[in-house]
Each structure stands twice: as C-alpha cells, then as structure tokens.
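Data block for final_8.cif (mmCIF, C-alpha atoms):
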```
data_final
#
loop_
_atom_site.label_atom_id
_atom_site.label_comp_id
_atom_site.auth_asym_id
_atom_site.auth_seq_id
_atom_site.Cartn_x
_atom_site.Cartn_y
_atom_site.Cartn_z
CA VAL A 232 321.94 219.34 271.25
CA LEU A 233 318.58 219.92 269.55
CA ARG A 234 316.96 223.20 270.47
CA PHE A 235 313.44 224.40 269.97
CA GLY A 236 313.24 227.80 268.32
CA LYS A 237 309.55 228.73 268.57
CA PRO A 238 307.05 228.54 271.47
CA ILE A 239 304.62 226.65 269.23
CA GLU A 240 307.23 223.88 268.93
CA TYR A 241 307.02 223.36 272.68
CA VAL A 242 303.26 223.00 272.29
CA ALA A 243 303.77 220.35 269.59
CA LEU A 244 306.20 218.52 271.87
CA ALA A 245 303.75 218.74 274.78
CA PHE A 246 300.96 217.17 272.73
CA TYR A 247 303.31 214.38 271.65
CA VAL A 248 304.39 213.71 275.26
CA LEU A 249 300.72 213.56 276.32
CA PHE A 250 300.04 211.13 273.50
CA VAL A 251 303.02 208.97 274.54
CA LEU A 252 301.64 208.87 278.09
CA LEU A 253 298.19 207.93 276.79
CA VAL A 254 299.63 205.11 274.67
CA PHE A 255 301.69 203.88 277.64
CA LEU A 256 298.54 203.85 279.78
CA LEU A 257 296.66 201.89 277.09
CA VAL A 258 299.51 199.37 276.85
CA ILE A 259 299.76 198.62 280.57
CA THR A 260 295.97 198.32 280.92
CA SER A 261 295.58 196.15 277.83
CA GLY A 262 294.56 192.53 277.97
CA ASN A 263 297.19 191.69 275.35
CA ILE A 264 300.52 193.44 275.90
CA SER A 265 302.14 192.16 272.67
CA ALA A 266 299.33 193.42 270.45
CA SER A 267 299.28 196.77 272.29
CA ILE A 268 303.02 197.29 271.96
CA LEU A 269 302.89 196.72 268.21
CA GLY A 270 299.90 199.05 267.89
CA GLY A 271 301.63 201.66 270.05
CA ARG A 272 304.78 201.45 267.96
CA ASN A 273 302.80 202.27 264.81
CA MET A 274 301.07 205.17 266.54
CA LEU A 275 304.19 206.75 268.06
CA LEU A 276 306.95 206.14 265.54
CA PHE A 277 305.96 208.36 262.62
CA LEU A 278 304.10 211.28 264.24
CA PRO A 279 307.13 213.43 265.18
CA PHE A 280 309.19 212.66 262.05
CA GLY A 281 308.51 216.02 260.44
CA LEU A 282 309.61 218.03 263.47
CA PHE A 283 312.53 215.72 264.20
CA VAL A 284 313.93 215.97 260.66
CA SER A 285 313.51 219.75 260.65
CA PHE A 286 315.41 220.02 263.95
CA LEU A 287 318.27 217.93 262.57
CA ILE A 288 318.43 220.08 259.45
CA ASN A 289 318.24 223.32 261.41
CA ARG A 290 321.12 222.26 263.68
CA GLY A 291 323.23 221.31 260.67
CA LEU A 292 323.31 217.62 261.61
CA ILE A 293 321.89 216.56 258.25
CA ASP A 294 321.78 218.36 254.91
CA ALA A 295 318.32 219.38 253.67
CA SER A 296 319.40 219.15 250.05
CA LEU A 297 320.64 215.59 250.60
CA VAL A 298 317.39 214.59 252.31
CA ARG A 299 315.38 216.04 249.44
CA LYS A 300 317.48 214.21 246.85
CA ASN A 301 317.09 210.92 248.71
CA ILE A 302 313.32 211.40 248.86
CA ILE A 303 313.28 211.93 245.10
CA LEU A 304 315.55 208.91 244.61
CA VAL A 305 313.22 206.68 246.64
CA GLY A 306 310.29 207.89 244.54
CA PHE A 307 312.23 207.22 241.33
CA ILE A 308 313.16 203.65 242.31
CA ALA A 309 309.59 202.83 243.35
CA ALA A 310 308.16 204.41 240.17
CA PHE A 311 310.63 202.57 237.93
CA LEU A 312 309.77 199.24 239.54
CA GLY A 313 306.04 199.99 239.32
CA VAL A 314 306.16 200.82 235.61
CA LEU A 315 308.35 197.81 234.93
CA GLU A 316 305.88 195.65 236.84
CA VAL A 317 303.05 196.69 234.52
CA LEU A 318 305.14 196.31 231.37
CA THR A 319 306.15 192.77 232.39
CA ASP A 320 302.66 191.85 233.60
CA GLY A 321 303.94 191.41 237.15
CA ILE A 322 306.71 188.98 236.19
CA ILE A 323 309.45 191.32 237.44
CA LEU A 324 308.27 190.92 241.05
CA ASN A 325 308.46 187.14 240.76
CA ILE A 326 311.96 187.45 239.33
CA LEU A 327 312.95 189.66 242.29
CA GLY A 328 311.71 186.96 244.65
CA TYR A 329 308.47 188.45 245.98
CA ASP A 330 306.18 185.95 247.69
CA PRO A 331 302.74 186.22 246.00
CA ASN A 332 301.06 185.58 249.38
CA TYR A 333 303.40 187.51 251.67
CA THR A 334 300.55 189.60 253.11
CA GLY A 335 298.50 186.54 253.99
CA SER A 336 295.42 188.24 252.54
CA GLU A 337 293.44 187.80 249.35
CA TYR A 338 292.93 191.58 249.17
CA PHE A 339 296.55 192.70 249.39
CA LYS A 340 298.89 191.06 246.91
CA PRO A 341 302.06 192.35 245.24
CA VAL A 342 300.46 191.73 241.85
CA SER A 343 296.81 192.73 241.55
CA SER A 344 294.57 193.68 238.65
CA TYR A 345 291.48 195.68 237.76
CA LEU A 346 289.36 194.94 234.67
CA GLY A 347 292.19 192.76 233.42
CA PHE A 348 294.85 195.48 233.83
CA VAL A 349 297.78 194.95 236.18
CA ARG A 350 297.79 197.55 238.96
CA ALA A 351 301.27 198.77 239.82
CA THR A 352 302.37 198.21 243.40
CA GLY A 353 306.13 198.68 243.07
CA GLY A 354 306.46 195.80 245.50
CA ILE A 355 305.12 198.09 248.26
CA SER A 356 302.31 196.39 250.14
CA ASP A 357 299.50 197.08 247.68
CA ALA A 358 298.39 199.34 244.84
CA LEU A 359 296.54 201.78 247.12
CA ILE A 360 299.60 202.74 249.16
CA PHE A 361 301.78 202.81 246.05
CA GLY A 362 299.32 205.11 244.27
CA TYR A 363 299.44 207.69 247.07
CA LEU A 364 303.22 207.41 247.25
CA MET A 365 303.44 208.18 243.54
CA ALA A 366 300.97 211.08 243.82
CA PHE A 367 303.18 212.82 246.39
CA SER A 368 306.35 211.86 244.51
CA SER A 369 304.97 213.29 241.24
CA PHE A 370 304.05 216.57 242.87
CA ILE A 371 307.41 216.87 244.65
CA VAL A 372 309.27 216.39 241.37
CA LEU A 373 306.96 218.87 239.62
CA PHE A 374 307.60 221.34 242.43
CA GLN A 375 311.37 220.95 241.98
CA MET A 376 310.98 221.63 238.25
CA ILE A 377 309.25 224.98 238.59
CA TYR A 378 310.12 226.59 241.92
CA LYS A 379 313.34 228.20 240.72
CA ASN A 380 315.51 228.51 237.62
CA LYS A 381 317.80 225.57 236.89
CA PRO A 382 320.04 224.50 234.03
CA PHE A 383 318.11 223.04 231.11
CA TRP A 384 319.52 219.52 231.51
CA ILE A 385 318.42 219.39 235.17
CA ASN A 386 314.88 220.34 234.19
CA VAL A 387 314.95 217.61 231.51
CA PHE A 388 316.05 215.14 234.18
CA TYR A 389 313.23 216.22 236.49
CA PHE A 390 310.76 216.00 233.61
CA VAL A 391 311.75 212.38 232.96
CA LEU A 392 311.32 211.63 236.67
CA PHE A 393 307.92 213.31 236.64
CA VAL A 394 306.72 211.31 233.61
CA LEU A 395 307.88 208.10 235.28
CA SER A 396 306.23 208.90 238.65
CA PHE A 397 303.02 210.11 237.04
CA SER A 398 302.85 207.00 234.83
CA ALA A 399 303.34 204.80 237.89
CA MET A 400 300.50 206.66 239.65
CA ILE A 401 298.24 206.01 236.65
CA PHE A 402 299.17 202.34 236.58
CA ALA A 403 298.34 202.02 240.30
CA MET A 404 294.75 203.02 239.44
CA THR A 405 294.15 204.45 242.92
CA ARG A 406 291.31 206.96 242.80
CA GLY A 407 292.30 208.93 245.88
CA ALA A 408 295.83 209.38 244.52
CA PHE A 409 294.42 211.19 241.48
CA VAL A 410 292.43 213.48 243.78
CA VAL A 411 295.58 214.33 245.76
CA PHE A 412 297.73 214.99 242.70
CA PHE A 413 295.20 217.11 240.80
CA PHE A 414 294.55 219.13 243.93
CA GLY A 415 298.29 219.86 243.98
CA LEU A 416 298.21 220.74 240.29
CA PHE A 417 295.37 223.16 240.99
CA LEU A 418 297.50 224.85 243.68
CA ILE A 419 300.42 225.25 241.28
CA LEU A 420 298.21 226.64 238.53
CA PHE A 421 296.63 229.32 240.69
CA PHE A 422 299.25 230.09 243.32
CA GLY A 423 302.66 229.03 242.04
CA LEU A 424 302.91 230.45 238.52
CA ASN A 425 302.59 233.73 236.68
CA PHE A 426 299.77 234.12 234.16
CA LYS A 427 301.81 233.05 231.10
CA ASN A 428 303.21 229.88 232.66
CA ARG A 429 299.81 229.15 234.18
CA ILE A 430 298.21 229.08 230.72
CA ILE A 431 301.04 226.92 229.33
CA LEU A 432 300.77 224.36 232.13
CA LEU A 433 296.97 224.36 231.91
CA ILE A 434 297.06 223.64 228.16
CA LEU A 435 299.67 220.89 228.65
CA SER A 436 297.61 219.36 231.46
CA LEU A 437 294.45 219.33 229.36
CA LEU A 438 296.36 217.84 226.43
CA ILE A 439 297.78 215.08 228.61
CA CYS A 440 294.30 214.36 230.01
CA VAL A 441 292.80 214.11 226.51
CA LEU A 442 295.58 211.78 225.35
CA PHE A 443 295.30 209.69 228.51
CA ILE A 444 291.56 209.23 228.10
CA GLN A 445 292.22 207.66 224.68
CA THR A 446 294.33 204.88 226.23
CA GLU A 447 292.98 201.62 227.66
CA TYR A 448 294.13 202.60 231.14
CA GLY A 449 292.36 205.93 230.72
CA GLN A 450 289.10 204.19 229.81
CA ALA A 451 289.51 201.88 232.81
CA MET A 452 290.02 204.87 235.11
CA ILE A 453 286.88 206.55 233.77
CA VAL A 454 284.96 203.39 234.62
CA ARG A 455 286.64 203.30 238.03
CA PHE A 456 285.66 206.90 238.80
CA PHE A 457 282.33 207.38 237.06
CA GLY A 458 281.18 204.07 235.60
CA ASN A 459 278.70 201.52 236.84
CA GLU A 460 281.20 198.67 236.94
CA GLN A 461 280.09 196.45 239.81
CA HIS A 462 283.37 196.49 241.73
CA SER A 463 283.63 200.30 241.75
CA VAL A 464 280.03 200.78 242.85
CA SER A 465 280.27 198.15 245.57
CA SER A 466 283.59 199.64 246.73
CA SER A 467 282.05 203.11 247.08
CA ASN A 468 278.98 201.77 248.87
CA TYR A 469 281.17 199.69 251.18
CA ARG A 470 283.17 202.78 252.15
CA ILE A 471 279.95 204.45 253.28
CA TYR A 472 278.99 201.35 255.25
CA MET A 473 282.45 201.20 256.90
CA ALA A 474 282.23 204.87 257.93
CA LEU A 475 278.79 204.40 259.51
CA ASP A 476 279.94 201.22 261.24
CA SER A 477 283.01 203.02 262.64
CA ILE A 478 280.88 205.91 263.94
CA LYS A 479 278.47 203.46 265.61
CA THR A 480 281.38 201.62 267.28
CA LEU A 481 282.90 204.90 268.52
CA ILE A 482 279.59 206.01 270.00
CA ASP A 483 279.56 202.79 272.00
CA ASN A 484 283.31 202.86 272.71
CA PRO A 485 284.56 206.49 272.84
CA LEU A 486 287.89 205.28 274.33
CA GLY A 487 288.44 203.00 271.33
CA ILE A 488 288.55 199.22 271.27
CA GLY A 489 292.26 198.84 271.96
CA LEU A 490 295.78 199.36 270.62
CA GLY A 491 296.76 196.86 267.95
CA THR A 492 293.19 195.71 267.32
CA GLN A 493 293.01 197.31 263.88
CA GLY A 494 296.36 196.41 262.33
CA ALA A 495 299.83 195.37 263.44
CA GLY A 496 298.85 193.57 266.63
CA MET A 497 296.03 191.45 265.22
CA LYS A 498 298.22 188.35 264.88
CA PHE A 499 298.53 188.25 268.68
CA LEU A 500 294.77 188.36 269.25
CA SER A 501 292.67 185.25 269.70
CA GLU A 502 289.72 186.77 267.82
CA ASP A 503 289.38 189.16 264.93
CA THR A 504 288.40 192.54 266.37
CA ARG A 505 289.22 194.59 263.29
CA ILE A 506 286.62 196.96 261.92
CA ASN A 507 287.37 197.73 258.29
CA THR A 508 287.55 201.49 257.92
CA ASP A 509 289.76 202.32 254.93
CA ASN A 510 290.11 205.65 256.70
CA TYR A 511 293.17 206.72 258.70
CA PHE A 512 291.23 208.96 261.08
CA PHE A 513 288.74 206.25 262.03
CA TYR A 514 291.66 203.84 262.38
CA VAL A 515 293.33 206.10 264.96
CA MET A 516 290.09 206.69 266.87
CA LEU A 517 289.31 202.98 267.05
CA GLU A 518 292.76 202.23 268.47
CA VAL A 519 293.37 205.12 270.90
CA GLY A 520 289.92 206.63 271.30
CA ILE A 521 288.59 210.08 270.55
CA LEU A 522 290.94 211.74 273.06
CA GLY A 523 293.97 210.11 271.44
CA PHE A 524 292.77 211.20 268.02
CA ILE A 525 292.41 214.80 269.23
CA LEU A 526 296.04 214.77 270.43
CA VAL A 527 297.22 213.31 267.10
CA PHE A 528 295.15 215.84 265.17
CA LEU A 529 296.43 218.81 267.19
CA MET A 530 300.06 217.74 266.84
CA ASN A 531 299.71 217.36 263.07
CA LEU A 532 297.85 220.66 262.87
CA ILE A 533 300.73 222.40 264.67
CA GLN A 534 303.24 220.91 262.24
CA PHE A 535 301.19 222.33 259.38
CA CYS A 536 300.95 225.70 261.14
CA LEU A 537 304.74 225.74 261.25
CA VAL A 538 304.99 225.41 257.47
CA ARG A 539 302.15 227.75 256.52
CA LYS A 540 304.51 230.73 255.99
CA THR A 541 307.10 229.05 253.81
CA SER A 542 308.43 230.84 250.76
CA HIS A 543 306.56 228.26 248.67
CA ARG A 544 303.17 228.39 250.29
CA TYR A 545 301.40 226.14 247.82
CA MET A 546 303.74 223.27 248.77
CA SER A 547 302.66 223.70 252.39
CA LEU A 548 299.01 223.71 251.35
CA PHE A 549 299.58 220.58 249.30
CA MET A 550 301.20 218.75 252.23
CA PHE A 551 298.36 219.91 254.51
CA PHE A 552 295.35 219.08 252.35
CA GLY A 553 297.08 216.06 250.79
CA TYR A 554 297.38 214.61 254.29
CA PHE A 555 293.66 215.04 254.99
CA ILE A 556 292.55 213.78 251.58
CA CYS A 557 294.78 210.74 251.95
CA GLY A 558 293.59 210.11 255.52
CA ALA A 559 289.90 210.51 254.67
CA LEU A 560 289.97 208.27 251.59
CA SER A 561 292.38 205.55 252.73
CA SER A 562 294.48 204.08 255.49
CA ALA A 563 297.72 204.63 253.55
CA LEU A 564 299.14 206.79 256.36
CA ILE A 565 299.37 203.64 258.49
CA SER A 566 301.96 202.22 256.10
CA PRO A 567 305.54 202.75 257.36
CA VAL A 568 306.82 203.20 253.79
CA PHE A 569 304.38 205.98 252.96
CA SER A 570 304.44 207.63 256.41
CA ILE A 571 308.23 207.92 256.51
CA PHE A 572 308.31 209.25 252.94
CA TYR A 573 305.63 211.85 253.72
CA CYS A 574 306.82 212.93 257.18
CA VAL A 575 310.49 213.29 256.22
CA TYR A 576 309.58 215.59 253.34
CA LEU A 577 307.23 217.52 255.63
CA GLY A 578 310.29 218.25 257.76
CA VAL A 579 312.14 219.55 254.69
CA VAL A 580 309.22 221.83 253.79
CA TYR A 581 309.04 223.08 257.37
CA CYS A 582 312.70 224.10 257.16
CA PHE A 583 311.86 226.71 254.54
CA PHE A 584 309.86 228.55 257.19
CA PHE A 585 312.13 227.83 260.15
CA PHE A 586 315.29 228.85 258.35
CA PHE A 587 314.01 231.94 256.59
CA SER A 588 312.30 233.23 259.73
CA SER A 589 315.41 232.86 261.90
CA ARG A 590 318.42 233.33 259.64
CA ARG A 591 317.32 235.03 256.47
CA ARG A 592 319.67 237.96 257.10
CA HIS A 593 322.77 235.83 257.43
CA THR A 594 322.77 233.27 254.66
CA ARG A 595 320.66 231.47 252.12
CA PHE A 596 318.94 228.15 252.69
CA LYS A 597 319.84 225.60 250.09
CA CYS A 598 317.07 223.09 249.56
#
```

Structure re-expressed in structure tokens:
Amino acid sequence: VLRFGKPIEYVALAFYVLFVLLVFLLVITSGNISASILGGRNMLLFLPFGLFVSFLINRGLIDASLVRKNIILVGFIAAFLGVLEVLTDGIILNILGYDPNYTGSEYFKPVSSYLGFVRATGGISDALIFGYLMAFSSFIVLFQMIYKNKPFWINVFYFVLFVLSFSAMIFAMTRGAFVVFFFGLFLILFFGLNFKNRIILLILSLLICVLFIQTEYGQAMIVRFFGNEQHSVSSSNYRIYMALDSIKTLIDNPLGIGLGTQGAGMKFLSEDTRINTDNYFFYVMLEVGILGFILVFLMNLIQFCLVRKTSHRYMSLFMFFGYFICGALSSALISPVFSIFYCVYLGVVYCFFFFFSSRRRHTRFKC
C-alpha cells in the first residue's frame, strides 16, 4: 500500500484529482471524443510520475539506485546512437530501419541538418527533443561524478559517459539545450563545489569552450546563437509571433480550444486547429484552458517544493529551472520519451528529501 508521508503530498494529489476531473469534463463535452481522449492521455499520463516513482522507492517496491542506473543507461544508449548518427551522416538510422517520413511532416525527420551539418536525433522524434534529453542526461552524469567520492575507475566511466552525452547534445544543435546545461553548470560551480574544485572545473569548462569554438560545429553554433543566418533569425522572429498569436487566442478563448487540438488528437480532426507555439506552457493552456494550466503549474510547483531541501540542493534547482527553461523555449515536455525520462529522475531526486527527512536516524539512503 502506498502511503503519503507529508500533508503537502495530499495537496499535490488533490490538484491532480481536480485536473483529472477537468480533463474528464472536457472529454465528455468535446465534439470529437477520440481526439479528446488522446489529448487527455498526454496531459494526464506524465504529470504524477515524479511523485509516483518516489512513493514506490520510499515503500521499497523499487530500488532508487536501480532506477538511477537505468536512467543513465537510457541516456547512454541515446547518446551513442546520436553520435553514431552524425559520424555516419545519418546512414545508421537507415540501417536500423527508420522510416525517413515516419512523422509525416517536413519539419520533423529522423535525419535533419543545419548549414550542411547533420543534427543528431538519436532516432527520437527530432533534434530538438533529443537535444534537451542530452542536456539533462549530461548534467545527471556530471552530478554523479562529483556528488560523492567514488573509485577512480567509476569516475573514468562516468567521464566517458559525460563526454558522449555532451557531444550528442552539441551534435543536436538545439539552442535551448545549451541554455539548460550551462545553467546547471553554473549551479555546480557556485553551489556544489569547494573553491579549489570550482576553479578547476571553471578552467576546464573555459578550455572546452575555446576548443569547441574552433571546430566546424562550434562555428555553426555561434551562427545559430548570434549570427545573422536567415534561418536562425526567422526562427527567433517566428517564436515571438507564435507567442503573441497564442496570447491573442487565449484572450478570446480562456477555456482553451479543446483537448487534442494541438498534438496527439489532430489526426481525428476534420480541420487543422493547431496553433504553433513551440512552448509547453502555451500548449497546455490552449488544450485545457487557463484554469487547467494553473492546476498543472501548481502540481509541478508542489513537486519542486518537495525536493527543495534535498542534500544536493543544486540538483533540485537544476530540475526546477531546467523544467521552466525547457517549457518556455520548446514543447519538448510533450514528448513521452523526454517526459518519462525527466519525471522518473525527478522522483529519484525527491527521494533524497523524503528519505532523509523521515528516516535519517535509522539508515542511509543509497542513491
């Protein structure tokens, strides 16, 4: 039996139940039940993952260390495939049997490019989602390297994993992913290390940045971030237009325009009602309205409140701000692959707080 240990957990559960009721109401009042059910599934399935995983760990039903290792393994496999994809110019995905048009869209293909360079996707939907996945994976591995003393060979192993994940993130050429990762690096530098190690990591980071800038991918990323290359400029301007368009639509439709209208359920609709947002928060508001977004926001905020007092506070801050950076700059949180990866690890991080606050006198949490 799963038990709730803190009053705030009941509040999180209450918000989730209210959101479930809201989604159910939207489904039964929808003009297209099939589209609404698919949209509702995407909205409901991933939200409670962090709390659910933490409850399972706390009750001893699953092992936190095993969950963490599997998360790292998933990141390693995806990173390895992404790097291999770039080195083989995308041929590896064809060998593995990927359909070049499996998304049915010209904008989302398993093999894409920018300025003539292949963007790594790891076979996961598209380069944007893969880039964010690798940003979180890189930070998680870096966190495992430094948060406590380990045998030298284990640190070497983690270093190899970090280089692979970080390289895959570079090859994805996703701008928001770089923002997320370097925000995490900033947290480690100023909150997670003593002065000596802080200086060492800072020098190594600067050295890596200087060496990276000298590469062709580094030059392409500079153009992508700061240059006047037409695609980058038009992409940035289009993001502003999409945000303004979303705000205008929400002013006219504060209850949203319907479940499934922005993603999964579109194939059941007779007309295209999607409003391109490239923003997770606007995506949620357009599907479930402002009230639904408030419930989602409060539930996520409570999950982050639960991890704010962990023994590794900068990891909690990274998961918190990484979520908002990712949501504001992309719709990657809609992806099942990325959402499950993120939410499961959030549950592991939460267990640091839950375990130490309730059982620190009896035993030691192994994670």

Separation of atom CA of Ile377 of chain A from atom CA of Leu315 of chain A in Å: 27.4 Å

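Here atom CA of Ala563 of chain A stands at a distance of 19.2 Å from atom CA of Tyr345 of chain A.
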
Length of the atom CA of Leu276 of chain A to atom CA of Arg505 of chain A vector [Å]: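 Separation of atom CA of Leu276 of chain A and atom CA of Arg505 of chain A: 21.3 Å.
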
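Those residues returned by the PyMOL selection byres ((chain A and resi 256) around 12) for this file are Leu249, Phe250, Val251, Leu252, Leu253, Val254, Phe255, Leu257, Val258, Ile259, Thr260, Ser261, Ile264, Ser267, Ile268, Gly271, Gly489, Leu490, Val519 and Gly523 of chain A.
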
Proximity to Leu432 of chain A - best of A:Leu517, A:Leu373, A:Ala358, A:Met473, all atoms listed in the file: A:Leu373

Residues matched by the PyMOL selection byres ((chain A and resi 549-558) around 7) as a list in words: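 With the shown file as input, the PyMOL selection byres ((chain A and resi 549-558) around 7) matches Gly407, Val411, Gly415, Asn510, Tyr511, Phe512, Phe535, Tyr545, Met546, Ser547, Leu548, Ala559, Leu560, Ser561, Ser562, Ala563 and Leu564 of chain A.
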
Proximity to Asp320 of chain A - best of A:Phe277, A:Phe388, A:Phe417, A:Phe348, only C-alpha atoms: A:Phe348

Using only C-alpha atoms: which of A:Ala451, A:Val387, A:Ala243, A:Val579 has the shortest distance to Gly347 of chain A: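 That would be A:Ala451, the residue with the smallest distance to Gly347 of chain A.
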
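Comparing A:Ile453, A:Ala310, A:Leu442, A:Ile565 by their smallest distance to Gly494 of chain A, the closest is A:Ile565 (using only C-alpha atoms).
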